[in-house]
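**Student:** Below you will find the structure I want to go over with you.
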Amino acid sequence: MATLLALNACTMAPDYVQPPLPVPERYSPNETEGQTIAALDWRVFFHHEHLRDLISNALANNRDIRLAAARVAEARSAWRIEGSALYPQLDAVGTGTRGRILATGTSMYVDAKQVTAQLSASWEIDFWGRLRNMREAARDRYLASEEARRAVATEVVSQVALGYLLELEYAERSALARRSITTREESLRIMRRRFEVGSGSKLDMAQAQVLLAQAQTTLQSLERDRAINRNALALLVGKQVELAREPHGLTEELPDFSLPPGLPSDLLVHRPDIMAAEYQLRAANADIGAARAAFFPNISLTGAYGTSSTELDGLFRDGSRIWSFTPTVALPIFNAGRLKGNLDVAKARQEQAVATYEKTIQSAFRDVSDALVQHTQLKKQIATTRSLLEAQRERARLARLRFDNGRSAYLEVLDAQRDLFDAEQTLVQLQRAELSSLVALYSALGGGFPASRPFETTATPSNGGSDK
């Protein structure tokens with residue numbers, strides 16, 4: 001028995017070697033040193049209470065997360081199924097047979113009856129690790145499904161935050177549009193009055209109408225986009241969302257801590273899609289071991305113990321005991337290349353898993369690099385736009401003074417106010433884009449669910465041995 005157990009621990013899977021990192025060691029020489037912000041829980045990164053509530057509801061109600069959770073349950077059950085093959089199977093079997101047979105040496109038929117009750121046990125001895133490798137592959141696919149669920153949750157958190165930032169942008173831009181509409185309505189009233197008393201031209205009044213209509217059109221477009229964004233948020237959250245009528249400004253959402261991205265190697269332990277790809281690679285590695293073991297003899301033990309009688313009431317009398325013990329050895333000799341084909345398929349899938357793993361790392365590196373570039377450039381663009389906005393305000397003030405003093409046509413005021421309005425709208429859009437780049441960076445780094453993840457399950461199936 002000790003020899004059997006020792007042989008049962010063998011495995012023919014190749015040693016797993018993690019592929020080298022297919023990206024540079026650093027994102028940029030100028031990046032801040034320090035622990036990656038991916039280590040921050042989403043409740044710390046997003047500090048506004050209303051946004052936290054939206055994210056909490058999304059994690060509880062989002063249908064994509066529910067679908068991912070169902071896939072985790074499926075993969076966990078598949079692991080349990082594969083693990084059960086390593087252990088002896090015990091069954092209780094009862095049979096009853098009645099028929100008519102030809103009596104030996106005669107031409108007469110006799111009725112025959114047989115009643116049997118027995119315990120049947122069978123066990124495949126996993127000499128070459130085929131069953132163990134199949135269990136390892138199922139376990140790794142289960143862990144990959146767990147990471148896939150965490151990836152879905154991370155994406156949902158990111159999308160809710162981006163939708164919330166869009167809501168804040170639309171609110172601020174709508175407020176600016178309403179303020180401009182109020183100002184332009186007053187300008188139109190003045191231009192109409194001047195035209196009526198003969199001190200102004202109809203052209204000035206028409207230009208004031210154009211300016212007002214442009215602001216009204218912008219507001220209508222913003223209200224349409226805001227309603228669509230709220231519908232998208234409702235889909236993410238899983239129910240209708242209640243948003244404040246007068247939400248706080250975008251500037252209140254700026255984090256008050258440094259945002260170091262860390263090193264690309266940190267992605268290996270924080271990005272759930274990378275971790276899922278690595279588990280899939282480990283599973284493919286174990287599949288090779290199972291395919292190799294199929295070339296070797298399959299040894300199984302089958303035994304039964306029970307009672308048998310021709311009558312039901314004699315089933316448990318003395319002398320009715322029966323037993324059997326059947327060792328079986330099956331060695332594949334000819335199968336038209338099926339086993340070799342299975343091994344080649346396993347090796348090819350392992351190569352695919354390596355390529356998928358490396359591509360996932362490269363994609364993650366690009367996501368982080370793009371977010372860093374966007375964040376850096378948007379900060380510069382915001383500073384430039386603020387300077388432009390101040391200049392546009394001064395230009396609009398001077399144009400109005402020149403028109404009031406008869407030094408210029410109203411067209412000059414029209415152009416200045418239009419450019420001022422566009423600059424105000426652009427600044428809000430850039431501020432939202434900067435915050436969105438921070439959310440994109442946080443998500444690209446794998447942030448949201450650090451070491452103590454609410455989506456990670458470490459329990460072991462009852463027949464899974466010591467594997468966790």
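Just remember, in the structure tokens the first chain shown is A, the second B, etc., residues are 1-based per chain, and ligands are 1-based in the order shown.
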Just the residues within 10 Å of Asp415 in chain A, please, counting only C-alpha atoms, with nothing from its chain fewer than 4 positions along; format it as number ranges by chain.
**Tutor:** A: 207, 211, 395-396, 399, 410-411, 419-421
**Student:** I'd like to know which residues of range 251-451 of chain A are helix (DSSP H, G or I) (by DSSP, run on the backbone); could you write them as a PyMOL selection string?
**Tutor:** chain A and resi 251-253+264-270+272-293+312-314+338-404+410-444
**Student:** Output C-alpha atoms for every residue in the selection just made, as a CSV table (one decimal), in the first residue's frame.
**Tutor:**
```csv
chain,number,residue,atom,x,y,z
A,251,THR,CA,-12.5,69.7,-8.3
A,252,GLU,CA,-13.8,68.1,-5.1
A,253,GLU,CA,-13.1,64.7,-6.6
A,264,PRO,CA,5.4,46.7,-14.3
A,265,SER,CA,6.1,43.6,-12.2
A,266,ASP,CA,3.5,44.7,-9.7
A,267,LEU,CA,0.9,44.0,-12.4
A,268,LEU,CA,1.5,40.3,-12.0
A,269,VAL,CA,0.0,40.4,-8.5
A,270,HIS,CA,-2.6,43.1,-8.9
A,272,PRO,CA,-6.8,40.1,-12.2
A,273,ASP,CA,-6.8,39.4,-15.9
A,274,ILE,CA,-3.0,38.7,-15.8
A,275,MET,CA,-3.5,36.4,-12.8
A,276,ALA,CA,-6.4,34.6,-14.6
A,277,ALA,CA,-4.2,34.1,-17.7
A,278,GLU,CA,-1.4,32.7,-15.5
A,279,TYR,CA,-3.8,30.2,-13.9
A,280,GLN,CA,-5.0,29.2,-17.4
A,281,LEU,CA,-1.3,28.6,-18.3
A,282,ARG,CA,-0.8,26.5,-15.2
A,283,ALA,CA,-3.9,24.5,-16.2
A,284,ALA,CA,-2.5,23.9,-19.7
A,285,ASN,CA,0.7,22.8,-18.2
A,286,ALA,CA,-1.2,20.2,-16.1
A,287,ASP,CA,-3.1,19.1,-19.2
A,288,ILE,CA,0.2,18.0,-20.8
A,289,GLY,CA,1.0,15.8,-17.7
A,290,ALA,CA,-2.4,14.2,-18.0
A,291,ALA,CA,-1.9,13.6,-21.8
A,292,ARG,CA,1.5,12.1,-21.2
A,293,ALA,CA,0.2,9.7,-18.5
A,312,LEU,CA,-35.3,-13.0,-0.8
A,313,ASP,CA,-35.9,-14.3,2.7
A,314,GLY,CA,-32.6,-16.3,2.5
A,338,ARG,CA,-5.3,9.3,-30.7
A,339,LEU,CA,-3.1,9.6,-27.6
A,340,LYS,CA,-0.3,11.3,-29.6
A,341,GLY,CA,-2.8,13.7,-31.0
A,342,ASN,CA,-4.2,14.5,-27.5
A,343,LEU,CA,-0.6,15.2,-26.3
A,344,ASP,CA,0.0,17.5,-29.3
A,345,VAL,CA,-3.2,19.3,-28.7
A,346,ALA,CA,-2.2,19.8,-25.0
A,347,LYS,CA,1.2,21.2,-26.0
A,348,ALA,CA,-0.4,23.5,-28.6
A,349,ARG,CA,-2.9,24.8,-26.1
A,350,GLN,CA,0.0,25.4,-23.6
A,351,GLU,CA,1.8,27.5,-26.3
A,352,GLN,CA,-1.4,29.4,-26.8
A,353,ALA,CA,-1.7,30.0,-23.1
A,354,VAL,CA,1.9,31.4,-23.0
A,355,ALA,CA,1.1,33.8,-25.8
A,356,THR,CA,-2.2,34.8,-24.2
A,357,TYR,CA,-0.4,35.4,-20.9
A,358,GLU,CA,2.3,37.5,-22.5
A,359,LYS,CA,-0.1,39.5,-24.6
A,360,THR,CA,-2.2,40.2,-21.5
A,361,ILE,CA,0.8,41.6,-19.7
A,362,GLN,CA,1.7,43.8,-22.7
A,363,SER,CA,-1.9,45.1,-22.9
A,364,ALA,CA,-1.8,45.9,-19.3
A,365,PHE,CA,1.5,47.7,-19.7
A,366,ARG,CA,0.0,49.8,-22.5
A,367,ASP,CA,-3.1,50.6,-20.5
A,368,VAL,CA,-1.0,51.9,-17.7
A,369,SER,CA,1.3,53.8,-20.0
A,370,ASP,CA,-1.6,55.4,-21.9
A,371,ALA,CA,-3.3,56.5,-18.6
A,372,LEU,CA,0.0,58.0,-17.4
A,373,VAL,CA,0.5,59.9,-20.6
A,374,GLN,CA,-3.1,61.2,-20.6
A,375,HIS,CA,-2.9,62.3,-17.0
A,376,THR,CA,0.4,64.2,-17.5
A,377,GLN,CA,-0.7,65.9,-20.7
A,378,LEU,CA,-4.2,66.7,-19.4
A,379,LYS,CA,-2.7,68.5,-16.4
A,380,LYS,CA,-0.6,70.7,-18.8
A,381,GLN,CA,-3.6,71.3,-21.1
A,382,ILE,CA,-5.8,72.3,-18.1
A,383,ALA,CA,-3.2,74.9,-17.0
A,384,THR,CA,-3.1,76.3,-20.6
A,385,THR,CA,-6.9,76.3,-20.8
A,386,ARG,CA,-7.2,78.2,-17.5
A,387,SER,CA,-4.8,80.9,-18.9
A,388,LEU,CA,-6.9,81.0,-22.1
A,389,LEU,CA,-10.1,81.3,-20.1
A,390,GLU,CA,-8.8,84.3,-18.1
A,391,ALA,CA,-7.8,85.9,-21.4
A,392,GLN,CA,-11.2,85.2,-22.9
A,393,ARG,CA,-13.0,86.8,-19.9
A,394,GLU,CA,-10.9,89.9,-20.3
A,395,ARG,CA,-11.5,90.0,-24.0
A,396,ALA,CA,-15.3,89.6,-23.5
A,397,ARG,CA,-15.3,92.5,-20.9
A,398,LEU,CA,-13.3,94.8,-23.2
A,399,ALA,CA,-15.4,94.0,-26.2
A,400,ARG,CA,-18.6,94.8,-24.2
A,401,LEU,CA,-17.0,98.2,-23.1
A,402,ARG,CA,-16.1,99.0,-26.7
A,403,PHE,CA,-19.6,98.2,-27.9
A,404,ASP,CA,-21.3,100.2,-25.1
A,410,TYR,CA,-21.9,94.0,-31.7
A,411,LEU,CA,-20.3,91.2,-33.8
A,412,GLU,CA,-17.1,91.7,-31.7
A,413,VAL,CA,-19.1,91.1,-28.5
A,414,LEU,CA,-20.7,88.1,-30.1
A,415,ASP,CA,-17.4,86.5,-31.0
A,416,ALA,CA,-15.9,87.2,-27.6
A,417,GLN,CA,-18.8,85.7,-25.7
A,418,ARG,CA,-19.0,82.7,-27.9
A,419,ASP,CA,-15.3,82.0,-27.4
A,420,LEU,CA,-15.6,82.5,-23.7
A,421,PHE,CA,-18.5,80.1,-23.5
A,422,ASP,CA,-16.5,77.5,-25.4
A,423,ALA,CA,-13.5,77.9,-23.2
A,424,GLU,CA,-15.6,77.5,-20.0
A,425,GLN,CA,-17.1,74.3,-21.5
A,426,THR,CA,-13.7,73.0,-22.6
A,427,LEU,CA,-12.1,73.5,-19.1
A,428,VAL,CA,-14.9,71.4,-17.5
A,429,GLN,CA,-14.4,68.7,-20.0
A,430,LEU,CA,-10.7,68.7,-19.4
A,431,GLN,CA,-11.1,68.5,-15.7
A,432,ARG,CA,-13.4,65.5,-16.1
A,433,ALA,CA,-10.9,63.9,-18.5
A,434,GLU,CA,-8.1,64.3,-16.0
A,435,LEU,CA,-10.1,62.6,-13.3
A,436,SER,CA,-11.1,59.9,-15.7
A,437,SER,CA,-7.4,59.3,-16.5
A,438,LEU,CA,-6.8,58.8,-12.8
A,439,VAL,CA,-9.6,56.2,-12.7
A,440,ALA,CA,-8.3,54.6,-15.8
A,441,LEU,CA,-4.8,54.4,-14.2
A,442,TYR,CA,-6.2,52.9,-11.1
A,443,SER,CA,-8.1,50.3,-13.0
A,444,ALA,CA,-5.2,49.6,-15.4
```
**Student:** From the set A:Ala144, A:Ala39, A:Val23, A:Val156, which residue has the shortest atom-to-atom contact distance to Arg66 in chain A, counting only C-alpha atoms?
**Tutor:**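 That would be A:Val156, the residue with the smallest distance to Arg66 in chain A.
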**Student:** Compare A:Phe296, A:Trp79, A:Tyr16, A:Tyr27 by their minimum atom-to-atom distance to Arg141 in chain A, counting only C-alpha atoms, and give me the closest one.
**Tutor:**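 Comparing A:Phe296, A:Trp79, A:Tyr16, A:Tyr27 against Arg141 in chain A, the winner is A:Trp79.
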**Student:** Tell me which of A:Gln114, A:Thr326, A:Asn231, A:Thr36 sits closest to Val160 in chain A, counting only C-alpha atoms.
**Tutor:** A:Asn231
**Student:** Which is closest to Gly200 in chain A among A:Gly83, A:Pro88, A:Gly99, A:Gly406, if we use only C-alpha atoms?
**Tutor:**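 Residue with the minimum atom-to-atom distance to Gly200 in chain A: A:Gly406.
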**Student:** Looking only at strand (DSSP E or B) from DSSP on the backbone, list the matching residues of range 95-152 of chain A as number ranges by chain.
**Tutor:** A: 95-102, 109-125
**Student:** Atoms to include: C-alpha atoms. Write the selected residues as a CSV table (one decimal), in the first residue's frame.
**Tutor:**
```csv
chain,number,residue,atom,x,y,z
A,95,THR,CA,-30.1,-7.0,-8.0
A,96,GLY,CA,-32.9,-9.4,-8.5
A,97,THR,CA,-33.1,-11.8,-11.5
A,98,ARG,CA,-35.9,-14.2,-12.6
A,99,GLY,CA,-36.0,-16.2,-15.8
A,100,ARG,CA,-36.4,-19.6,-17.4
A,101,ILE,CA,-33.3,-21.6,-18.5
A,102,LEU,CA,-32.6,-25.0,-20.0
A,109,TYR,CA,-36.8,-25.8,-18.7
A,110,VAL,CA,-36.6,-24.7,-15.1
A,111,ASP,CA,-37.4,-21.3,-13.4
A,112,ALA,CA,-34.3,-19.6,-12.0
A,113,LYS,CA,-34.2,-16.8,-9.5
A,114,GLN,CA,-31.3,-14.9,-8.0
A,115,VAL,CA,-31.3,-12.1,-5.4
A,116,THR,CA,-28.0,-10.3,-4.6
A,117,ALA,CA,-27.1,-7.4,-2.2
A,118,GLN,CA,-23.5,-6.2,-2.1
A,119,LEU,CA,-21.1,-3.4,-1.5
A,120,SER,CA,-19.0,-2.6,-4.6
A,121,ALA,CA,-15.8,-0.6,-4.5
A,122,SER,CA,-13.5,0.5,-7.3
A,123,TRP,CA,-10.3,2.6,-7.3
A,124,GLU,CA,-8.1,3.7,-10.1
A,125,ILE,CA,-4.5,3.8,-8.9
```
**Student:** Check the smallest atom-to-atom distance from each of A:Asp15, A:Glu146, A:Glu25, A:Asp126 to Arg76 in chain A using only C-alpha atoms, then report the winner.
**Tutor:** A:Glu146
**Student:** Can you list, as a count of residues only, every protein, DNA or RNA residue that comes within 12 Å of Arg224 in chain A when you count only C-alpha atoms, leaving out same-chain residues fewer than 6 positions away?
**Tutor:** 8
**Student:** Report, in Å with one decimal, the straight-line distance from CA of Gln240 in chain A to CA of Asp41 in chain A.
**Tutor:**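 Separation between CA of Gln240 in chain A and CA of Asp41 in chain A: 25.4 Å.
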**Student:** So, with only C-alpha atoms as the atoms that count, which of A:Gly238, A:Pro260, A:Gly198, A:Thr154 lies closest to Arg26 in chain A?
**Tutor:**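 Distance minimum relative to Arg26 in chain A lands on A:Pro260.
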**Student:** Under the rule of at most 9 Å, produce a per-residue listing of range 75-118 of chain A near range 127-137 of chain A: chain, number, name, the closest pair of atoms, and the distance in Å, as a tab-separated table, using only C-alpha atoms.
**Tutor:**
```
residue	atom	partner	partner_atom	distance
A:Ala78	CA	A:Arg135	CA	8.9
A:Trp79	CA	A:Arg135	CA	6.2
A:Arg80	CA	A:Arg135	CA	8.1
A:Ile81	CA	A:Arg135	CA	8.3
A:Glu82	CA	A:Arg135	CA	5.0
A:Gly83	CA	A:Arg135	CA	5.2
A:Ser84	CA	A:Arg135	CA	8.7
A:Ala85	CA	A:Leu131	CA	6.7
A:Leu86	CA	A:Leu131	CA	6.3
```
**Student:** Kindly give the distance, in Å, that separates CA of Leu445 in chain A and CA of Arg150 in chain A, rounded to a single decimal.
**Tutor:** 13.2 Å
